[in-house]
Each structure stands twice: as C-alpha cells, then as structure tokens.
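A.B. asks: File follows, run02.cif with mmCIF, C-alpha atoms and all ligand atoms:
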```
data_protein
loop_
_atom_site.label_atom_id
_atom_site.label_comp_id
_atom_site.auth_asym_id
_atom_site.auth_seq_id
_atom_site.Cartn_x
_atom_site.Cartn_y
_atom_site.Cartn_z
CA MET A 118 0.00 0.00 0.00
CA PHE A 119 2.80 2.40 0.93
CA SER A 120 5.68 0.60 -0.75
CA ASP A 121 5.89 3.19 -3.52
CA LEU A 122 6.43 6.01 -1.01
CA LYS A 123 9.99 7.13 -0.47
CA ILE A 124 10.54 8.28 3.11
CA GLY A 125 13.62 10.12 4.40
CA ILE A 126 14.84 10.37 7.98
CA ILE A 127 17.33 13.13 8.77
CA GLY A 128 19.59 11.87 11.53
CA GLY A 129 20.76 8.28 11.73
CA GLY A 130 21.02 7.65 15.47
CA GLN A 131 19.09 5.22 17.66
CA LEU A 132 15.85 7.20 17.34
CA GLY A 133 16.07 6.85 13.56
CA ALA A 134 16.78 3.15 13.92
CA MET A 135 13.68 2.71 16.08
CA LEU A 136 11.64 4.62 13.48
CA ILE A 137 12.91 2.23 10.79
CA ARG A 138 11.75 -0.69 12.92
CA TYR A 139 8.18 0.62 12.63
CA ALA A 140 8.59 1.75 9.01
CA ILE A 141 9.16 -1.94 8.22
CA ASP A 142 5.66 -2.72 9.51
CA TYR A 143 4.28 -0.30 6.92
CA GLY A 144 6.47 -1.65 4.11
CA LEU A 145 8.20 1.68 3.59
CA ASP A 146 11.28 2.48 1.54
CA VAL A 147 13.46 4.46 3.96
CA SER A 148 16.51 6.61 3.24
CA VAL A 149 18.64 8.15 5.99
CA LEU A 150 21.01 11.13 6.15
CA ASP A 151 23.73 11.39 8.81
CA ASN A 152 27.27 12.71 8.88
CA ASP A 153 28.60 9.60 10.63
CA PRO A 154 29.02 6.69 8.18
CA LYS A 155 28.83 4.32 11.14
CA ALA A 156 25.64 5.79 12.69
CA PRO A 157 23.21 3.07 13.93
CA CYS A 158 20.87 3.50 10.91
CA SER A 159 23.68 2.71 8.46
CA ARG A 160 23.09 -0.95 9.29
CA TYR A 161 19.40 -0.91 8.53
CA SER A 162 18.92 1.16 5.39
CA ARG A 163 20.28 0.32 1.95
CA SER A 164 19.87 4.00 1.18
CA PHE A 165 22.10 5.55 3.83
CA HIS A 166 23.59 8.91 2.78
CA VAL A 167 26.61 10.43 4.44
CA GLY A 168 26.10 14.18 4.64
CA ASP A 169 25.64 17.03 7.07
CA PRO A 170 22.07 17.68 8.27
CA MET A 171 23.11 21.32 8.85
CA SER A 172 24.26 21.76 5.23
CA PHE A 173 21.69 23.26 2.83
CA ASP A 174 23.06 21.34 -0.14
CA ASP A 175 23.35 18.00 1.64
CA VAL A 176 19.77 18.17 2.92
CA VAL A 177 18.31 19.27 -0.43
CA ASN A 178 20.26 16.63 -2.35
CA PHE A 179 19.12 13.99 0.11
CA GLY A 180 15.46 14.95 0.06
CA LYS A 181 14.74 16.17 -3.47
CA ASP A 182 13.57 12.80 -4.87
CA LEU A 183 11.73 11.68 -1.74
CA ASP A 184 8.00 11.92 -1.00
CA VAL A 185 8.17 12.57 2.76
CA VAL A 186 10.99 13.79 5.00
CA THR A 187 11.06 13.66 8.78
CA ILE A 188 13.71 14.20 11.45
CA GLU A 189 15.12 12.37 14.45
CA LYS A 190 17.20 15.37 15.66
CA GLU A 191 16.59 19.13 15.69
CA ALA A 192 19.91 20.31 14.27
CA VAL A 193 18.76 20.33 10.64
CA ASP A 194 19.05 23.19 8.12
CA VAL A 195 15.62 24.83 8.08
CA ALA A 196 16.14 26.71 4.79
CA ALA A 197 16.80 23.37 3.09
CA LEU A 198 13.60 21.89 4.54
CA LYS A 199 11.67 24.90 3.22
CA ALA A 200 13.26 24.42 -0.22
CA LEU A 201 12.25 20.74 -0.19
CA ARG A 202 8.69 21.65 0.73
CA ASP A 203 8.63 24.14 -2.15
CA LYS A 204 9.58 21.25 -4.44
CA GLY A 205 6.52 19.31 -3.20
CA VAL A 206 8.22 17.08 -0.61
CA LYS A 207 6.14 16.69 2.57
CA VAL A 208 8.17 17.76 5.59
CA TYR A 209 7.31 16.76 9.19
CA PRO A 210 7.49 18.62 11.51
CA SER A 211 7.07 21.79 9.44
CA PRO A 212 10.25 23.87 8.99
CA GLU A 213 8.48 26.71 10.85
CA THR A 214 7.88 24.49 13.91
CA LEU A 215 11.52 23.44 13.85
CA GLU A 216 12.71 27.03 13.46
CA ILE A 217 10.93 28.08 16.67
CA ILE A 218 12.39 25.16 18.58
CA GLN A 219 15.98 25.37 17.37
CA ASP A 220 16.65 28.57 19.31
CA LYS A 221 15.95 28.38 23.06
CA TYR A 222 15.23 32.10 23.33
CA LEU A 223 12.87 32.10 20.37
CA GLN A 224 11.18 28.99 21.79
CA LYS A 225 10.68 30.65 25.17
CA SER A 226 9.38 33.90 23.62
CA HIS A 227 6.96 31.98 21.39
CA LEU A 228 5.57 29.99 24.33
CA LYS A 229 5.25 33.15 26.45
CA LYS A 230 3.36 34.85 23.64
CA HIS A 231 0.89 31.93 23.74
CA ASN A 232 0.48 32.25 27.53
CA ILE A 233 2.26 28.97 28.20
CA PRO A 234 4.11 29.03 31.53
CA VAL A 235 7.92 29.17 31.21
CA ALA A 236 10.74 30.18 33.56
CA MET A 237 11.80 33.79 33.17
CA GLY A 238 14.73 34.20 30.80
CA TRP A 239 16.92 36.96 29.36
CA LEU A 240 18.76 36.97 26.05
CA VAL A 241 22.49 37.59 26.66
CA MET A 242 24.92 37.83 23.76
CA ASP A 243 28.30 37.09 25.38
CA LYS A 244 30.30 36.80 28.59
CA GLU A 245 30.83 40.55 28.74
CA GLN A 246 27.08 41.20 28.72
CA LEU A 247 26.63 38.38 31.18
CA SER A 248 28.72 40.20 33.77
CA LEU A 249 26.16 43.05 33.64
CA HIS A 250 23.45 40.63 34.81
CA THR A 251 25.03 39.38 38.05
CA GLU A 252 22.05 40.59 40.11
CA LYS A 253 20.03 37.81 38.42
CA LEU A 254 22.26 35.03 39.82
CA PRO A 255 21.96 32.25 40.78
CA GLY A 256 20.61 31.22 37.41
CA ILE A 257 20.91 28.68 34.62
CA LEU A 258 22.83 29.60 31.50
CA LYS A 259 21.72 27.93 28.27
CA LYS A 260 23.27 28.18 24.84
CA CYS A 261 20.57 29.44 22.45
CA THR A 262 21.32 26.86 19.78
CA GLN A 263 22.80 23.39 19.41
CA GLY A 264 22.77 22.38 23.11
CA TYR A 265 21.68 18.81 23.94
CA ASP A 266 21.88 16.30 26.80
CA GLY A 267 23.03 19.00 29.22
CA LYS A 268 25.83 20.17 26.90
CA GLY A 269 25.34 23.92 26.65
CA VAL A 270 23.71 24.21 30.10
CA LEU A 271 25.60 25.68 33.08
CA MET A 272 24.53 26.55 36.58
CA LEU A 273 25.81 30.01 37.57
CA GLN A 274 25.84 30.37 41.35
CA THR A 275 27.88 33.58 41.54
CA ALA A 276 29.62 36.08 39.23
CA GLU A 277 32.82 34.00 39.59
CA ASP A 278 31.23 31.15 37.61
CA ILE A 279 30.93 33.37 34.52
CA ALA A 280 34.59 32.75 33.68
CA SER A 281 33.84 29.05 32.99
CA ALA A 282 30.87 29.84 30.68
CA PHE A 283 30.87 28.70 27.04
CA ASP A 284 30.38 31.24 24.25
CA GLY A 285 26.99 32.95 23.71
CA PRO A 286 24.42 33.88 22.69
CA TYR A 287 22.58 32.45 25.66
CA VAL A 288 19.38 32.54 27.64
CA LEU A 289 20.01 33.29 31.29
CA GLU A 290 17.16 31.59 33.09
CA GLU A 291 15.78 31.98 36.59
CA LEU A 292 16.49 29.00 38.81
CA VAL A 293 13.38 26.90 39.37
CA ASP A 294 13.09 25.01 42.65
CA ILE A 295 12.29 21.74 40.91
CA HIS A 296 10.24 19.05 42.63
CA GLN A 297 9.83 16.80 39.59
CA GLU A 298 10.97 16.84 35.96
CA ILE A 299 8.39 15.33 33.66
CA SER A 300 7.86 14.82 29.97
CA VAL A 301 4.65 14.47 28.01
CA ILE A 302 4.75 13.01 24.52
CA VAL A 303 2.06 14.62 22.44
CA SER A 304 1.01 13.85 18.87
CA ARG A 305 -0.99 16.09 16.55
CA ASN A 306 -2.15 15.51 12.99
CA GLU A 307 -2.70 18.00 10.20
CA SER A 308 -6.37 18.43 11.07
CA GLY A 309 -5.44 19.42 14.62
CA VAL A 310 -6.46 16.18 16.40
CA ILE A 311 -4.24 15.68 19.48
CA GLU A 312 -3.34 12.60 21.54
CA CYS A 313 -1.38 12.83 24.78
CA TYR A 314 0.66 9.99 26.29
CA ASP A 315 0.78 9.66 30.08
CA PRO A 316 3.34 11.94 31.76
CA VAL A 317 6.73 10.39 32.50
CA HIS A 318 8.85 11.21 35.54
CA MET A 319 12.46 11.79 34.43
CA VAL A 320 15.28 11.42 36.92
CA PHE A 321 18.57 13.00 35.86
CA ASP A 322 22.12 12.15 36.78
CA LYS A 323 23.04 15.69 37.91
CA GLU A 324 26.77 15.14 37.42
CA ARG A 325 26.50 14.04 33.81
CA MET A 326 23.28 16.01 33.10
CA LEU A 327 22.00 12.83 31.43
CA LEU A 328 18.68 11.09 31.88
CA ASP A 329 19.34 8.33 34.41
CA PHE A 330 15.94 6.64 34.46
CA GLN A 331 12.28 7.42 33.94
CA ILE A 332 9.02 6.11 35.32
CA CYS A 333 5.67 6.06 33.55
CA PRO A 334 3.12 7.07 34.64
CA ALA A 335 4.66 9.85 36.75
CA ASP A 336 3.38 10.00 40.31
CA LEU A 337 1.13 13.08 39.94
CA ASP A 338 -2.16 13.93 41.58
CA GLN A 339 -5.09 13.91 39.17
CA ASP A 340 -5.32 17.68 38.99
CA THR A 341 -1.62 18.10 38.09
CA ALA A 342 -1.76 15.22 35.58
CA MET A 343 -4.67 16.91 33.83
CA LYS A 344 -2.95 20.30 33.90
CA VAL A 345 0.30 19.02 32.36
CA CYS A 346 -1.58 17.25 29.55
CA ALA A 347 -3.62 20.38 28.88
CA ILE A 348 -0.37 22.40 28.70
CA ALA A 349 1.23 19.85 26.34
CA LYS A 350 -1.78 20.12 24.04
CA ARG A 351 -1.63 23.93 24.07
CA VAL A 352 2.08 23.76 23.23
CA ALA A 353 1.37 21.44 20.28
CA GLU A 354 -1.16 23.99 19.02
CA ALA A 355 1.11 26.96 19.66
CA VAL A 356 3.90 25.51 17.49
CA GLU A 357 1.41 24.10 14.93
CA LEU A 358 2.87 20.65 15.35
CA THR A 359 2.31 17.84 12.90
CA GLY A 360 3.88 14.69 14.28
CA ILE A 361 5.25 13.69 17.65
CA MET A 362 6.74 16.05 20.23
CA ALA A 363 8.20 15.72 23.72
CA VAL A 364 7.19 18.55 26.04
CA GLU A 365 9.57 18.61 28.99
CA MET A 366 8.28 20.39 32.07
CA PHE A 367 9.30 21.21 35.62
CA ILE A 368 6.91 20.90 38.53
CA ALA A 369 8.21 23.29 41.17
CA ARG A 370 8.01 22.66 44.90
CA ASN A 371 5.30 25.34 45.12
CA GLY A 372 3.24 23.37 42.55
CA LYS A 373 3.83 25.74 39.64
CA ILE A 374 4.34 24.11 36.24
CA TYR A 375 6.91 25.40 33.74
CA VAL A 376 7.53 24.20 30.19
CA ASN A 377 11.30 23.73 29.91
CA GLU A 378 12.03 22.32 26.50
CA LEU A 379 10.44 20.96 23.34
CA ALA A 380 11.63 18.26 20.95
CA PRO A 381 9.37 17.89 17.86
CA ARG A 382 10.39 14.29 17.10
CA PRO A 383 10.44 10.91 18.81
CA HIS A 384 12.28 11.38 22.11
CA ASN A 385 14.08 9.25 24.66
CA SER A 386 11.38 10.06 27.23
CA GLY A 387 9.05 8.06 24.95
CA HIS A 388 11.17 4.91 24.61
CA HIS A 389 8.87 3.05 27.01
CA THR A 390 5.94 3.47 24.58
CA ILE A 391 7.40 0.58 22.53
CA GLU A 392 6.41 -1.94 25.20
CA ALA A 393 4.11 0.05 27.48
CA ALA A 394 1.62 1.94 25.28
CA LYS A 395 -0.98 0.88 22.73
CA THR A 396 0.89 2.73 19.96
CA SER A 397 4.60 3.41 20.26
CA GLN A 398 5.75 6.99 19.63
CA PHE A 399 7.63 5.68 16.58
CA GLU A 400 4.58 4.04 15.03
CA GLN A 401 2.62 7.20 15.82
CA GLN A 402 5.17 9.30 13.95
CA ILE A 403 5.01 6.92 10.96
CA ARG A 404 1.20 7.08 10.98
CA LEU A 405 1.26 10.88 11.15
CA ILE A 406 3.71 11.37 8.30
CA LEU A 407 1.64 8.96 6.17
CA GLU A 408 -1.51 10.92 7.08
CA LEU A 409 -3.08 7.80 8.62
CA PRO A 410 -5.40 7.82 11.66
CA MET A 411 -3.53 8.27 14.93
CA GLY A 412 -3.18 5.27 17.22
CA SER A 413 -4.22 5.21 20.86
CA ALA A 414 -1.66 6.72 23.26
CA GLN A 415 -3.07 4.75 26.19
CA THR A 416 -0.61 3.21 28.65
CA THR A 417 -0.79 -0.58 28.73
CA PHE A 418 1.67 -1.22 31.60
CA PRO A 419 3.52 0.86 34.16
CA SER A 420 7.18 0.97 33.14
CA VAL A 421 10.66 2.11 34.05
CA MET A 422 13.29 2.94 31.43
CA LEU A 423 17.01 2.84 32.23
CA ASN A 424 19.81 4.11 30.01
CA ILE A 425 22.85 1.90 29.53
CA LEU A 426 26.04 3.92 29.27
CA GLU A 427 29.29 2.77 27.66
CA PRO A 428 31.53 1.39 30.42
CA ALA A 429 35.30 1.83 30.63
CA ALA A 430 37.06 -0.67 28.29
CA GLN A 431 38.15 -2.95 31.15
CA LYS A 432 34.55 -3.17 32.44
CA LYS A 433 32.87 -4.16 29.17
CA LYS A 434 32.83 -7.88 29.82
CA ALA A 435 31.42 -7.35 33.32
CA VAL A 436 28.59 -5.21 31.91
CA MET A 437 27.79 -7.79 29.20
CA ASP A 438 27.68 -10.49 31.91
CA ALA A 439 25.42 -8.24 33.99
CA LEU A 440 23.06 -7.84 31.02
CA LYS A 441 22.85 -11.63 30.63
CA THR A 442 21.84 -11.91 34.29
CA ILE A 443 19.26 -9.14 33.89
CA LEU A 444 17.63 -10.83 30.90
CA CYS A 445 16.80 -13.87 33.08
CA THR A 446 13.96 -11.80 34.61
CA ASN A 447 10.59 -11.55 32.84
CA ASP A 448 9.34 -8.38 31.17
CA ILE A 449 12.78 -6.85 30.71
CA HIS A 450 13.25 -5.45 27.23
CA LEU A 451 16.76 -4.69 26.05
CA HIS A 452 17.45 -2.20 23.25
CA TRP A 453 21.05 -2.11 22.06
CA TYR A 454 21.81 0.74 19.67
CA GLY A 455 24.67 -0.83 17.72
CA LYS A 456 26.95 2.20 18.14
CA THR A 457 30.59 1.59 17.34
CA GLY A 458 33.65 3.11 18.99
CA GLY A 459 31.59 4.44 21.91
CA LYS A 460 33.22 6.84 24.36
CA GLU A 461 32.89 6.04 28.06
CA GLY A 462 29.60 7.43 29.39
CA ARG A 463 27.88 7.56 25.97
CA LYS A 464 24.34 6.13 25.69
CA MET A 465 24.71 2.62 24.23
CA GLY A 466 21.25 1.26 24.83
CA HIS A 467 18.32 1.17 27.20
CA ILE A 468 16.23 -1.28 29.14
CA THR A 469 12.48 -0.99 29.60
CA ILE A 470 10.98 -2.83 32.55
CA THR A 471 7.24 -3.40 32.51
CA ASP A 472 4.94 -4.84 35.17
CA THR A 473 1.25 -4.82 35.93
CA ASP A 474 2.20 -3.17 39.25
CA ARG A 475 4.10 0.16 39.14
CA LYS A 476 5.84 -0.56 42.47
CA GLU A 477 7.06 -3.93 41.16
CA ALA A 478 8.43 -2.27 38.00
CA ILE A 479 10.34 0.21 40.19
CA ALA A 480 11.64 -2.59 42.47
CA LYS A 481 12.88 -4.56 39.45
CA SER A 482 14.56 -1.45 38.06
CA ILE A 483 16.40 -0.84 41.35
CA MET A 484 17.70 -4.41 41.23
CA ILE A 485 18.77 -3.96 37.60
CA LYS A 486 20.50 -0.66 38.29
CA HIS A 487 22.39 -2.39 41.06
CA ILE A 488 23.47 -5.29 38.80
CA LEU A 489 24.54 -2.85 36.07
CA LYS A 490 26.43 -0.70 38.57
CA GLU A 491 28.40 -3.76 39.70
CA GLY A 492 29.41 -4.21 36.06
CA HIS A 493 30.49 -0.56 35.85
CA ALA A 494 32.22 -0.49 39.29
P1 LIG B 501 19.23 20.10 27.48
O1 LIG B 501 18.69 20.73 26.27
O2 LIG B 501 20.70 19.98 27.42
O3 LIG B 501 18.54 18.83 27.87
P2 LIG B 501 17.76 21.42 29.64
O4 LIG B 501 17.14 22.73 29.40
O5 LIG B 501 16.82 20.24 29.63
O6 LIG B 501 18.96 21.19 28.63
O7 LIG B 501 18.52 21.45 31.02
C1 LIG B 501 19.23 20.33 31.56
C2 LIG B 501 18.89 20.16 33.02
O8 LIG B 501 19.25 21.34 33.77
C3 LIG B 501 17.39 19.99 33.30
O9 LIG B 501 17.00 18.65 33.12
C4 LIG B 501 17.29 20.48 34.74
O10 LIG B 501 17.68 19.45 35.65
C5 LIG B 501 18.31 21.60 34.80
N1 LIG B 501 17.65 22.90 34.56
C6 LIG B 501 17.40 23.47 33.35
N2 LIG B 501 16.77 24.65 33.47
C7 LIG B 501 16.62 24.87 34.80
C8 LIG B 501 16.06 25.94 35.59
N3 LIG B 501 15.54 27.04 35.03
N4 LIG B 501 16.09 25.81 36.93
C9 LIG B 501 16.64 24.72 37.53
N5 LIG B 501 17.20 23.70 36.85
C10 LIG B 501 17.19 23.74 35.50
#
```
I'd like the structure from this file rewritten - as structure tokens, please.
C.D. replies:
Amino acid sequence: MFSDLKIGIIGGGQLGAMLIRYAIDYGLDVSVLDNDPKAPCSRYSRSFHVGDPMSFDDVVNFGKDLDVVTIEKEAVDVAALKALRDKGVKVYPSPETLEIIQDKYLQKSHLKKHNIPVAMGWLVMDKEQLSLHTEKLPGILKKCTQGYDGKGVLMLQTAEDIASAFDGPYVLEELVDIHQEISVIVSRNESGVIECYDPVHMVFDKERMLLDFQICPADLDQDTAMKVCAIAKRVAEAVELTGIMAVEMFIARNGKIYVNELAPRPHNSGHHTIEAAKTSQFEQQIRLILELPMGSAQTTFPSVMLNILEPAAQKKKAVMDALKTILCTNDIHLHWYGKTGGKEGRKMGHITITDTDRKEAIAKSIMIKHILKEGHA
C-alpha cells in the first residue's frame, strides 16, 4: 500500500533506527542522512547517505527525490527543509515548527506569547554582557542553539562562575526550585487532532546532566496530571505541530508548572511506549507522516526505562555479563543501539521494565541498576 512512497529520515542515530523498525511494519522504503558513516541507521537502510544535516546542499540533495521527510534530531538546516517543501516534498514537523524550537530564546518567547508558563529568561549575547546581569544570579545559563543532553547548560551560582561559561548567545534563566521533571509526549495531525501519552517522571544524573531513568506514569495527583496534559496540548497547538513532540516540564516545589524544553520528534522520554503503550511513539510518527489515523496513546503497563552507558574498556565484559543476568527476569526489554567506537559514558542502549504493578516495576529497576552498577564499578 505504501511501498511506492519514499521516506527520508534526517539523523541516523538510535531514534532513527527505532523509526525504521516501525517503518518496516508499513512496508516503507526508507533513506537516511547522517554525517557519521557508522551511525546506527547505516546498518538498517540500503539508502544511507553520508552528509551534514546542517548543510543546505546536503539536505536538499538527500530529500529532493523523496515523498516525505522527517527528522530524528533538531539540528537540521531549516532553509533546506523549506526548499524541499517548495519542491513538493512533505516535511514533518514543518520547517516553521523546527525554526521556533531550534533557538531556546525564540522557543521561550513563542511559548510566552501563547500564555504557556515558562521560567523567566533573558537573552544575553556574550560573557561581557553576562557580567552586567550578576544581580540575576543564581541562574541557569543555556546556549541558544545546538545544546543537547546538558551540553550547553551551566549553573551560575555567583559572578565568579561566569569565567567558565561557554560562548553565547545564551538565555540566562531563573532558577526553578524543581520538585519533579516530567515529559509528556504529544502527537498532533494536520487536522489538529491531538493525543497525549501519560506523563513520564524523568530522573537525571546531575553530574553528567544525562537522563538516568524514567518512570511512567509519573506520580502526579489527578489535577496536576490533567494540567500538564492540557499544557502539552496547548504547546502542540502553539507551534502548529504535525507529528510527535516531547514537552519537557518542571513541577516546582510550590506546585507551579513550567515548560522547559520541546523536541518535535520521537524522544528518549518516549522509549517506554514501545512496550508500554498501545501505539509506540515511533509508530505514531510513521502514521502521522503517512496521514493515517492516529493510534491510541493509552498506557498498557507501568514501566521504568534505564539508560545503559558505555563502560570503561576494562569493564565491558562485566557489563555484558550483567546484562545476561538481567535478561533472566521476565518483562525486561533490552534495546542495544549498535553504536561503534563508543566513548565512556555515551548512551549505548536502554532497558524498559514493565509490570502490571508500578511498584514492582520500580523494584525490578532498582535491582537492575544495582546489577549494572556492579558491572560498571
Ligand atoms: P538540554 O537541552 O541539554 O537537555 P535542559 O534545558 O533540559 O537542557 O537542562 C538540563 C537540566 O538542567 C534539566 O533537566 C534540569 O535538571 C536543569 N535545569 C534546566 N533549566 C533549569 C532551571 N531554570 N532551573 C533549575 N534547573 C534547571
């Protein structure tokens, strides 16, 4: 039915590989663009193109003969996506949505304009200007563009910390007294129909600024759960989303909700939807870009998702042995990304633990974290 359609994914990492997994179910012909010839998707697509997603020419050359183009990362040249759309290629999310999201200051201003709650933030061009804002400290400094996984985010306690700041432009953000960090995956089709997945509680490794584990559903009272879903839907409307988007939010100790960050693509906070929702975020994205009816976002099982990080070379065997032990338990789902030449601490895979009982899923995940830690120790 869809085998004549040529689909392109920009970005060839693990998210792209998981999209391909669902593209297979729909019989799609998938091409991928990434600048790393060894990116995970290179193994799974016979049409893998080495090129820079931030290069106008590379993106246009990649997409010009395709029917539909989507992304698995935000750092993609927007002008090229607009040029492809002008040639009649369908582009999801729209280049305009992506443009708003690529710049953290623009993103914040856009959300504010739509009355969506965000932490206060000031645009600061460089370190020199930053030293004129010391009365706003402590605060969080964020690079306007190209930050990810905590890279490009710095806590500034006092004026002395400014010396260690990266180059601007930045958003200097008020410090939120965070009680819980959550993410809501939302999907919206071209006619404006929206589905919201259950909120996920994300727990970060503060040292590495990396997601450590996440629990779905998040432990929220009914009122807060409804509020965060309503906000996620308003955000999807405000950025005129078509496709899937992660809406990351903070719930402050005083109960206030802030939207922190948007990712208009499948996201690691939605990995659990593969085993623990009626329609995975990846299938949902495939359905949306094919203009098919959306699937149900209903949770089927409580779940916990753990990242597996690349261990030091001398610990690899111990971690592999630990994984074998872990897989002896039921309802443990391993996803190995097939990355080569991984640096210590890089995300190499994840494990999703499901159970009919949320507490049991958490207990199993604590045991697994412990076994994995022994491998890393
Ligand atoms: P990235 O794009 O790198 O993921 P984030 O904006 O998500 O950057 O910030 C990384 C982490 O820094 C967040 O998960 C949160 O723990 C912390 N953080 C970010 N903004 C604030 C803030 N305004 N107040 C307190 N902590 C914050």
A.B. asks: At what distance in Å, to one decimal, does atom CA of Pro154 of chain A lie from atom CA of Ser172 of chain A?
C.D. replies: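 Between atom CA of Ser172 of chain A and atom CA of Pro154 of chain A the gap works out to 16.1 Å.
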A.B. asks: Which polymer residues have any atom within 10 Å of an atom of Leu228 of chain A, counting only C-alpha atoms, with same-chain residues fewer than 3 positions away left out, as a list in words?
C.D. replies: Ile217, Tyr222, Leu223, Gln224, Lys225, His231, Asn232, Ile233, Pro234, Val235, Arg351, Val352, Ala355, Val356 and Val376 of chain A
A.B. asks: Please indicate the distance in Å from atom CA of Arg138 of chain A to atom CA of Leu327 of chain A, rounded to one decimal place.
C.D. replies: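 A separation of 25.1 Å between them.
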A.B. asks: Just checking: using all atoms listed in the file, which residue out of A:Phe418, A:Phe330, A:Phe283, A:Tyr265 ends up closest to ligand LIG 501 (chain B)?
C.D. replies: A:Tyr265
A.B. asks: Using only C-alpha atoms and all ligand atoms, which residues of chain A come within 8 Å of ligand LIG 501 (chain B), and what is the closest atom pair for each, with the distance in Å to one decimal? Give it as JSON lines, sorted by chain and residue number.
C.D. replies:
```
{"residue": "A:Ala236", "atom": "CA", "partner": "B:LIG501", "partner_atom": "N3", "distance": 5.9}
{"residue": "A:Met237", "atom": "CA", "partner": "B:LIG501", "partner_atom": "N3", "distance": 7.9}
{"residue": "A:Gly256", "atom": "CA", "partner": "B:LIG501", "partner_atom": "N3", "distance": 7.0}
{"residue": "A:Ile257", "atom": "CA", "partner": "B:LIG501", "partner_atom": "N3", "distance": 5.6}
{"residue": "A:Lys259", "atom": "CA", "partner": "B:LIG501", "partner_atom": "O4", "distance": 7.0}
{"residue": "A:Gly264", "atom": "CA", "partner": "B:LIG501", "partner_atom": "O2", "distance": 5.3}
{"residue": "A:Tyr265", "atom": "CA", "partner": "B:LIG501", "partner_atom": "O2", "distance": 3.8}
{"residue": "A:Asp266", "atom": "CA", "partner": "B:LIG501", "partner_atom": "O2", "distance": 3.9}
{"residue": "A:Gly267", "atom": "CA", "partner": "B:LIG501", "partner_atom": "O2", "distance": 3.1}
{"residue": "A:Lys268", "atom": "CA", "partner": "B:LIG501", "partner_atom": "O2", "distance": 5.2}
{"residue": "A:Gly269", "atom": "CA", "partner": "B:LIG501", "partner_atom": "O2", "distance": 6.1}
{"residue": "A:Val270", "atom": "CA", "partner": "B:LIG501", "partner_atom": "O6", "distance": 5.8}
{"residue": "A:Leu271", "atom": "CA", "partner": "B:LIG501", "partner_atom": "O8", "distance": 7.7}
{"residue": "A:Met272", "atom": "CA", "partner": "B:LIG501", "partner_atom": "N5", "distance": 7.9}
{"residue": "A:Glu290", "atom": "CA", "partner": "B:LIG501", "partner_atom": "N3", "distance": 5.2}
{"residue": "A:Glu291", "atom": "CA", "partner": "B:LIG501", "partner_atom": "N3", "distance": 5.2}
{"residue": "A:Leu292", "atom": "CA", "partner": "B:LIG501", "partner_atom": "N4", "distance": 3.7}
{"residue": "A:Val293", "atom": "CA", "partner": "B:LIG501", "partner_atom": "N4", "distance": 3.8}
{"residue": "A:Asp294", "atom": "CA", "partner": "B:LIG501", "partner_atom": "C9", "distance": 6.2}
{"residue": "A:Ile295", "atom": "CA", "partner": "B:LIG501", "partner_atom": "C9", "distance": 6.3}
{"residue": "A:Glu298", "atom": "CA", "partner": "B:LIG501", "partner_atom": "O9", "distance": 6.9}
{"residue": "A:Phe321", "atom": "CA", "partner": "B:LIG501", "partner_atom": "O9", "distance": 6.5}
{"residue": "A:Lys323", "atom": "CA", "partner": "B:LIG501", "partner_atom": "O10", "distance": 6.9}
{"residue": "A:Met326", "atom": "CA", "partner": "B:LIG501", "partner_atom": "C2", "distance": 6.0}
{"residue": "A:Leu327", "atom": "CA", "partner": "B:LIG501", "partner_atom": "O3", "distance": 7.8}
{"residue": "A:Leu328", "atom": "CA", "partner": "B:LIG501", "partner_atom": "O9", "distance": 7.8}
{"residue": "A:Glu365", "atom": "CA", "partner": "B:LIG501", "partner_atom": "O5", "distance": 7.5}
{"residue": "A:Asn377", "atom": "CA", "partner": "B:LIG501", "partner_atom": "O4", "distance": 5.9}
{"residue": "A:Glu378", "atom": "CA", "partner": "B:LIG501", "partner_atom": "O4", "distance": 5.9}
```
A.B. asks: What does the distance from atom CA of Asp182 of chain A to atom CA of Ile124 of chain A come to in Å, to one decimal?
C.D. replies: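 Atom CA of Ile124 of chain A lies 9.7 Å from atom CA of Asp182 of chain A.
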A.B. asks: Could you pull the residues within 7 Å of Lys395 of chain A, counting only C-alpha atoms, minus those fewer than 4 positions along the same chain, as a list in words?
C.D. replies: Ser413, Ala414, Gln415, Thr416 and Thr417 of chain A
A.B. asks: Rank nothing, just name the residue among A:Met411, A:Leu247, A:Ile218, A:Ile468 nearest to His388 of chain A, using all atoms listed in the file.
C.D. replies: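 That would be A:Ile468, the residue with the smallest distance to His388 of chain A.
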A.B. asks: Kindly assemble as a tab-separated table a list of the segment 360-402 of chain A residues that lie within 10 Å of segment 435-457 of chain A, each paired with its nearest atom pair and their distance in Å to one decimal, using only C-alpha atoms, sorted first by chain and then by ascending residue number.
C.D. replies:
```
residue	atom	partner	partner_atom	distance
A:His388	CA	A:His452	CA	9.6
A:His389	CA	A:His450	CA	9.6
A:Ile391	CA	A:His450	CA	9.6
A:Glu392	CA	A:His450	CA	8.0
```
A.B. asks: Pick out the closest residue to Val320 of chain A from this set: A:Gln274, A:Ser386, A:Lys373, A:Cys158. Count only C-alpha atoms.
C.D. replies: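 The answer is A:Ser386, which sits nearest to Val320 of chain A.
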